[in-house]
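Novice: Attaching a single structure in structure tokens format; questions to follow.
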Number of protein chains: 2
Amino acid sequence: MPRAATTSDTFNAIAEPRRRDILAYLAPCERPVGDIVLALGLAQPSVSKHLRVLRDVGLVDLRRDGRQILYRTNADGIRPLHAWASGFQRYWRRQLLRVKERAERN
Amino acid sequence: MPRAATTSDTFNAIAEPRRRDILAYLAPCERPVGDIVLALGLAQPSVSKHLRVLRDVGLVDLRRDGRQILYRTNADGIRPLHAWASGFQRYWRRQLLRVKERAERN
DNA sequence: TTGACATATTCCTGTATAGGAATATGATTC
DNA sequence: GAATCATATTCCTATACAGGAATATGTCAA
């Protein structure tokens with residue numbers, strides 16, 4: 001079996017560096033596709049396809065405005081990722097504590 | 001071009017659900033490979049290969065103990081992921097604030 | 001309606017897998 | 001050293017996919 005489908009898994013969606021770039025670019029405020037194309041220097045179809053994936057997993061929302069389509073990040077979509085990473089924090093603390101203790105013992 | 005290599009990118013490494021399972025299992029304390037195999041019900045070669053990837057991107061460390069090899073999560077390896085996700089938090093707050101304001105206005 | 005603009009969707013291809021099976025490496029005990 | 005236990009590494013195959021090119025869809029203006 002190959003890798004899991006990007007469309008079904010948020011983690012796979014953000015595995016692609018360009019999609020992370022797009023998310024970062026959209027984070028401050030919503031933008032039309034054309035702006036993303038110019039800002040990141042990617043081909044328009046490529047951007048559209050990445051946006052499609054991000055949309056399928058709920059990482060971005062869109063809204064039509066005349067000829068343009070404005071995209072924006074979706075807080076709820078990103079939250080699970082943050083939650084997952086945060087879940088390890090208490091273990092990090094424990095690890096850091098251990099390191100500290102070892103240092104003090106010597 | 002296909003997706004980026006799992007070995008070069010932390011995000012790709014955690015894109016695989018089984019690797020996330022392994023990380024979660026290792027988070028509380030270090031474990032030999034055999035324990036992971038039993039706990040997650042995966043084939044031994046499969047686990048070894050996943051551990052290889054996790055190791056290459058610095059998400060886990062290992063230590064030999066006789067015949068066994070004990071693996072443990074590496075806090076420093078996971079921190080960048082958490083940092084990335086956290087970077088969006090201030091925008092989430094802004095979004096949540098907007099939602100709240102709209103609600104109060106109505 | 002015709003054209004121009006903005007974005008989305010095929011179609012095609014090379015590539016990096018993930019899993020299974022078989023095998024190799026390494027360490028321990030007798 | 002031989003047998004055994006624990007883990008790693010090939011080799012093979014099917015598959016999802018990212019990018020490029022071409023095309024389709026949808027919207028506005030004249």
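Ordering of the structure tokens sets the chain letters (A, B, ...), residue numbers begin anew at 1 in every chain, and ligands are numbered from 1 in the order given.
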Using only C-alpha atoms (C1' of nucleotides), I'd like every residue of chain C that has an atom within 10 Å of chain B; please write them out as a PyMOL selection string.

Specialist: chain C and resi 13-20+26-28

Novice: Output as a PyMOL selection string the set of chain B residues within 10 Å of chain A, with distances taken over only C-alpha atoms.

Specialist: chain B and resi 2-6+9-17+20+23-24+27-29+73-76+78-96

Novice: Emit the selected residues as an mmCIF file, in the first residue's frame, including C-alpha atoms.

Specialist:
data_model
loop_
_atom_site.group_PDB
_atom_site.id
_atom_site.type_symbol
_atom_site.label_atom_id
_atom_site.label_comp_id
_atom_site.auth_asym_id
_atom_site.auth_seq_id
_atom_site.Cartn_x
_atom_site.Cartn_y
_atom_site.Cartn_z
ATOM 1 C CA PRO B 2 5.408 13.138 -6.298
ATOM 2 C CA ARG B 3 5.257 13.924 -2.635
ATOM 3 C CA ALA B 4 8.344 14.896 -0.682
ATOM 4 C CA ALA B 5 10.415 12.163 0.924
ATOM 5 C CA THR B 6 9.371 11.112 4.399
ATOM 6 C CA ASP B 9 10.557 16.134 6.279
ATOM 7 C CA THR B 10 9.088 15.808 9.745
ATOM 8 C CA PHE B 11 5.644 16.664 8.457
ATOM 9 C CA ASN B 12 5.769 13.826 5.980
ATOM 10 C CA ALA B 13 6.980 11.476 8.672
ATOM 11 C CA ILE B 14 3.899 12.067 10.810
ATOM 12 C CA ALA B 15 1.600 11.965 7.816
ATOM 13 C CA GLU B 16 1.507 8.188 8.174
ATOM 14 C CA PRO B 17 -1.113 7.186 10.778
ATOM 15 C CA ARG B 20 1.647 8.636 14.804
ATOM 16 C CA LEU B 23 4.861 8.001 18.585
ATOM 17 C CA ALA B 24 1.837 8.019 20.865
ATOM 18 C CA ALA B 27 5.454 8.981 24.416
ATOM 19 C CA PRO B 28 4.985 7.785 28.013
ATOM 20 C CA CYS B 29 8.165 5.707 28.143
ATOM 21 C CA THR B 73 10.349 9.925 21.533
ATOM 22 C CA ASN B 74 12.622 12.893 21.096
ATOM 23 C CA ALA B 75 11.153 16.115 22.439
ATOM 24 C CA ASP B 76 13.322 18.285 20.208
ATOM 25 C CA ILE B 78 8.423 17.124 17.874
ATOM 26 C CA ARG B 79 8.819 20.690 19.022
ATOM 27 C CA PRO B 80 8.960 22.179 15.486
ATOM 28 C CA LEU B 81 5.593 20.669 14.678
ATOM 29 C CA HIS B 82 4.084 22.162 17.758
ATOM 30 C CA ALA B 83 5.706 25.488 17.006
ATOM 31 C CA TRP B 84 4.287 25.458 13.496
ATOM 32 C CA ALA B 85 0.765 24.733 14.678
ATOM 33 C CA SER B 86 1.091 27.276 17.470
ATOM 34 C CA GLY B 87 1.973 29.933 14.949
ATOM 35 C CA PHE B 88 -1.627 29.914 13.817
ATOM 36 C CA GLN B 89 -3.058 30.321 17.259
ATOM 37 C CA ARG B 90 -3.002 34.088 17.303
ATOM 38 C CA TYR B 91 -4.971 34.036 14.061
ATOM 39 C CA TRP B 92 -7.408 31.573 15.533
ATOM 40 C CA ARG B 93 -7.917 33.912 18.448
ATOM 41 C CA ARG B 94 -8.614 36.730 16.026
ATOM 42 C CA GLN B 95 -11.090 34.559 14.137
ATOM 43 C CA LEU B 96 -12.812 33.442 17.293
#

Novice: Pull the closest atom pair for each residue of chain D that gets at most 6 Å from chain B, along with the distance in Å to one decimal, counting only C-alpha atoms (C1' of nucleotides), ordering rows by chain and then ascending residue number, as JSON lines.

Specialist:
{"residue": "D:DA6", "atom": "C1'", "partner": "B:Arg67", "partner_atom": "CA", "distance": 5.6}
{"residue": "D:DC17", "atom": "C1'", "partner": "B:Pro2", "partner_atom": "CA", "distance": 5.4}
{"residue": "D:DA18", "atom": "C1'", "partner": "B:Met1", "partner_atom": "CA", "distance": 4.8}
{"residue": "D:DG19", "atom": "C1'", "partner": "B:Met1", "partner_atom": "CA", "distance": 5.7}

Novice: Name the residues in contact with Arg72 in chain B at a cut-off of 8 Å, using only C-alpha atoms (C1' of nucleotides), excluding same-chain residues fewer than 5 positions from it; report them as a PyMOL selection string.

Specialist: chain B and resi 26-27+29-31+60-62

Novice: So how far away is CA of Ile22 in chain A from CA of Leu59 in chain A, in Å?

Specialist: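 Separation between CA of Leu59 in chain A and CA of Ile22 in chain A: 10.7 Å.
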
Novice: If you run DSSP on this backbone, which residues of chain A come out as alpha helix (DSSP H), and could you give them as a compact mmCIF listing (two decimals) with C-alpha atoms, in the first residue's frame?

Specialist:
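Wrote it out as result_13.txt, contents follow:
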# COMPACT_ATOMS: atom_id res chain seq x y z
CA THR A 10 -5.27 16.55 7.66
CA PHE A 11 -1.75 15.40 8.46
CA ASN A 12 -1.21 14.31 4.89
CA ALA A 13 -2.58 17.60 3.65
CA PRO A 17 5.46 22.14 1.87
CA ARG A 18 3.60 24.27 -0.66
CA ARG A 19 0.37 23.73 1.15
CA ARG A 20 1.98 24.88 4.37
CA ASP A 21 3.20 27.94 2.50
CA ILE A 22 -0.31 28.62 1.30
CA LEU A 23 -1.73 28.23 4.80
CA ALA A 24 0.89 30.59 6.18
CA TYR A 25 0.10 33.12 3.49
CA LEU A 26 -3.62 32.92 4.15
CA VAL A 33 -6.23 32.71 -5.73
CA GLY A 34 -4.35 35.13 -7.94
CA ASP A 35 -2.63 36.69 -4.96
CA ILE A 36 -1.39 33.30 -3.83
CA VAL A 37 -0.08 32.56 -7.30
CA LEU A 38 1.85 35.83 -7.38
CA ALA A 39 3.05 35.69 -3.78
CA LEU A 40 4.34 32.13 -3.87
CA GLN A 44 -2.20 28.73 -11.09
CA PRO A 45 -3.48 25.16 -11.62
CA SER A 46 -1.08 23.97 -8.98
CA VAL A 47 -2.41 26.46 -6.46
CA SER A 48 -5.99 25.55 -7.30
CA LYS A 49 -5.23 21.89 -6.73
CA HIS A 50 -3.54 22.53 -3.42
CA LEU A 51 -6.44 24.67 -2.32
CA ARG A 52 -8.76 21.85 -3.28
CA VAL A 53 -6.94 19.48 -0.94
CA LEU A 54 -6.85 22.02 1.87
CA ARG A 55 -10.53 22.60 1.42
CA ASP A 56 -11.40 18.90 1.41
CA ALA A 75 -9.35 27.68 12.69
CA ASP A 76 -11.31 24.55 13.45
CA GLY A 77 -9.43 22.62 10.81
CA ILE A 78 -6.02 23.43 12.20
CA ARG A 79 -6.92 22.95 15.83
CA PRO A 80 -6.65 19.12 15.75
CA LEU A 81 -3.07 19.37 14.57
CA HIS A 82 -2.20 21.68 17.39
CA ALA A 83 -3.98 19.46 19.85
CA TRP A 84 -2.07 16.44 18.64
CA ALA A 85 1.28 18.14 18.98
CA SER A 86 0.29 19.57 22.34
CA GLN A 89 4.07 18.48 25.67
CA ARG A 90 3.57 16.95 29.08
CA TYR A 91 6.00 14.24 28.08
CA TRP A 92 8.46 16.83 26.85
CA ARG A 93 8.26 18.51 30.21
CA ARG A 94 9.02 15.21 31.87
CA GLN A 95 11.97 14.67 29.56
CA LEU A 96 13.31 18.14 30.11
CA LEU A 97 12.92 17.66 33.82
CA ARG A 98 14.94 14.47 33.65
CA VAL A 99 17.69 16.21 31.74
CA LYS A 100 17.71 18.98 34.30
CA GLU A 101 17.91 16.55 37.20
CA ARG A 102 20.78 14.69 35.64
CA ALA A 103 22.62 17.94 35.14
CA GLU A 104 22.12 18.97 38.74
CA ARG A 105 23.21 15.60 40.07

Novice: Please indicate the distance in Å from C1' of DA8 in chain D to C1' of DA24 in chain C, rounded to one decimal place.

Specialist: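 So the answer is 7.8 Å.
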
Novice: Can you pull out every residue within 12 Å of DT29 in chain C, counting only C-alpha atoms (C1' of nucleotides), but drop anything in the same chain fewer than 4 positions away, and send it as a PDB file with N, CA and C atoms (P, O5', C5', C4', C3', O3' and C1' of nucleotides), in the first residue's frame?

Specialist:
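Once everything was written out, this is around_13.pdb:
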ATOM      1  N   ARG B  67      19.839  -7.724  23.675  1.00  0.00           N
ATOM      2  CA  ARG B  67      19.319  -8.062  22.356  1.00  0.00           C
ATOM      3  C   ARG B  67      18.284  -7.058  21.880  1.00  0.00           C
TER       4      ARG B  67
ATOM      5  P    DG D   1      34.591 -20.132  16.796  1.00  0.00           P
ATOM      6  O5'  DG D   1      33.391 -21.036  16.276  1.00  0.00           O
ATOM      7  C5'  DG D   1      33.629 -22.334  15.779  1.00  0.00           C
ATOM      8  C4'  DG D   1      32.378 -23.151  16.044  1.00  0.00           C
ATOM      9  C3'  DG D   1      31.199 -22.737  15.183  1.00  0.00           C
ATOM     10  O3'  DG D   1      30.378 -23.882  14.947  1.00  0.00           O
ATOM     11  C1'  DG D   1      30.639 -22.391  17.434  1.00  0.00           C
ATOM     12  P    DA D   2      29.327 -23.853  13.785  1.00  0.00           P
ATOM     13  O5'  DA D   2      28.001 -24.183  14.596  1.00  0.00           O
ATOM     14  C5'  DA D   2      27.949 -25.351  15.427  1.00  0.00           C
ATOM     15  C4'  DA D   2      26.591 -25.415  16.100  1.00  0.00           C
ATOM     16  C3'  DA D   2      25.428 -25.029  15.195  1.00  0.00           C
ATOM     17  O3'  DA D   2      24.294 -25.836  15.506  1.00  0.00           O
ATOM     18  C1'  DA D   2      25.571 -23.500  16.998  1.00  0.00           C
ATOM     19  P    DA D   3      22.976 -25.762  14.604  1.00  0.00           P
ATOM     20  O5'  DA D   3      21.922 -25.130  15.617  1.00  0.00           O
ATOM     21  C5'  DA D   3      21.814 -25.669  16.924  1.00  0.00           C
ATOM     22  C4'  DA D   3      21.020 -24.727  17.811  1.00  0.00           C
ATOM     23  C3'  DA D   3      19.739 -24.186  17.151  1.00  0.00           C
ATOM     24  O3'  DA D   3      18.669 -24.266  18.074  1.00  0.00           O
ATOM     25  C1'  DA D   3      21.062 -22.399  17.914  1.00  0.00           C
ATOM     26  P    DT D   4      17.219 -23.760  17.628  1.00  0.00           P
ATOM     27  O5'  DT D   4      17.126 -22.349  18.350  1.00  0.00           O
ATOM     28  C5'  DT D   4      17.605 -22.206  19.692  1.00  0.00           C
ATOM     29  C4'  DT D   4      17.409 -20.765  20.144  1.00  0.00           C
ATOM     30  C3'  DT D   4      16.156 -20.087  19.572  1.00  0.00           C
ATOM     31  O3'  DT D   4      15.503 -19.379  20.602  1.00  0.00           O
ATOM     32  C1'  DT D   4      18.054 -18.754  19.169  1.00  0.00           C
ATOM     33  P    DC D   5      13.968 -18.992  20.425  1.00  0.00           P
ATOM     34  O5'  DC D   5      14.002 -17.449  20.816  1.00  0.00           O
ATOM     35  C5'  DC D   5      14.708 -17.042  21.984  1.00  0.00           C
ATOM     36  C4'  DC D   5      15.220 -15.629  21.804  1.00  0.00           C
ATOM     37  C3'  DC D   5      14.146 -14.637  21.327  1.00  0.00           C
ATOM     38  O3'  DC D   5      14.133 -13.532  22.212  1.00  0.00           O
ATOM     39  C1'  DC D   5      16.108 -14.447  20.017  1.00  0.00           C
TER      40       DC D   5
END

Novice: Mind giving me the straight-line distance from CA of Leu42 in chain A to C1' of DA8 in chain C in Å, one decimal?

Specialist: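 Computing it gives 15.5 Å between the two atoms.
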
Novice: Please provide as a list in words all residues within 12 Å of DA22 in chain D, with the sequence filter that same-chain residues fewer than 4 positions apart are discarded (counting only C-alpha atoms (C1' of nucleotides)).

Specialist: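 These residues fall inside the cut-off: Pro45 of chain A; DT9, DT10, DC11 and DC12 of chain C.
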
Novice: Could you take the residues named above and write them with N, CA and C atoms (P, O5', C5', C4', C3', O3' and C1' of nucleotides), as a PDB file, in the first residue's frame?

Specialist:
ATOM      1  N   PRO A  45      -2.797  26.449 -11.849  1.00  0.00           N
ATOM      2  CA  PRO A  45      -3.483  25.164 -11.622  1.00  0.00           C
ATOM      3  C   PRO A  45      -2.960  24.453 -10.381  1.00  0.00           C
TER       4      PRO A  45
ATOM      5  P    DT C   9     -12.639  21.907  -8.974  1.00  0.00           P
ATOM      6  O5'  DT C   9     -12.317  21.171 -10.349  1.00  0.00           O
ATOM      7  C5'  DT C   9     -13.198  21.363 -11.448  1.00  0.00           C
ATOM      8  C4'  DT C   9     -12.688  20.630 -12.665  1.00  0.00           C
ATOM      9  C3'  DT C   9     -12.198  19.202 -12.424  1.00  0.00           C
ATOM     10  O3'  DT C   9     -12.849  18.365 -13.360  1.00  0.00           O
ATOM     11  C1'  DT C   9     -10.595  20.394 -13.647  1.00  0.00           C
ATOM     12  P    DT C  10     -12.814  16.806 -13.180  1.00  0.00           P
ATOM     13  O5'  DT C  10     -11.310  16.432 -13.459  1.00  0.00           O
ATOM     14  C5'  DT C  10     -11.015  15.326 -14.262  1.00  0.00           C
ATOM     15  C4'  DT C  10     -10.833  15.728 -15.726  1.00  0.00           C
ATOM     16  C3'  DT C  10      -9.990  14.711 -16.462  1.00  0.00           C
ATOM     17  O3'  DT C  10     -10.621  14.247 -17.634  1.00  0.00           O
ATOM     18  C1'  DT C  10      -8.965  16.881 -16.558  1.00  0.00           C
ATOM     19  P    DC C  11     -10.297  12.776 -18.090  1.00  0.00           P
ATOM     20  O5'  DC C  11      -8.791  12.887 -18.603  1.00  0.00           O
ATOM     21  C5'  DC C  11      -8.495  13.727 -19.730  1.00  0.00           C
ATOM     22  C4'  DC C  11      -7.006  13.668 -20.014  1.00  0.00           C
ATOM     23  C3'  DC C  11      -6.366  12.304 -19.773  1.00  0.00           C
ATOM     24  O3'  DC C  11      -5.554  11.976 -20.888  1.00  0.00           O
ATOM     25  C1'  DC C  11      -5.180  13.965 -18.613  1.00  0.00           C
ATOM     26  P    DC C  12      -4.840  10.528 -20.968  1.00  0.00           P
ATOM     27  O5'  DC C  12      -3.367  10.912 -20.503  1.00  0.00           O
ATOM     28  C5'  DC C  12      -2.678  11.975 -21.181  1.00  0.00           C
ATOM     29  C4'  DC C  12      -1.303  12.146 -20.579  1.00  0.00           C
ATOM     30  C3'  DC C  12      -0.605  10.824 -20.242  1.00  0.00           C
ATOM     31  O3'  DC C  12       0.680  10.793 -20.833  1.00  0.00           O
ATOM     32  C1'  DC C  12      -0.567  12.306 -18.392  1.00  0.00           C
TER      33       DC C  12
END
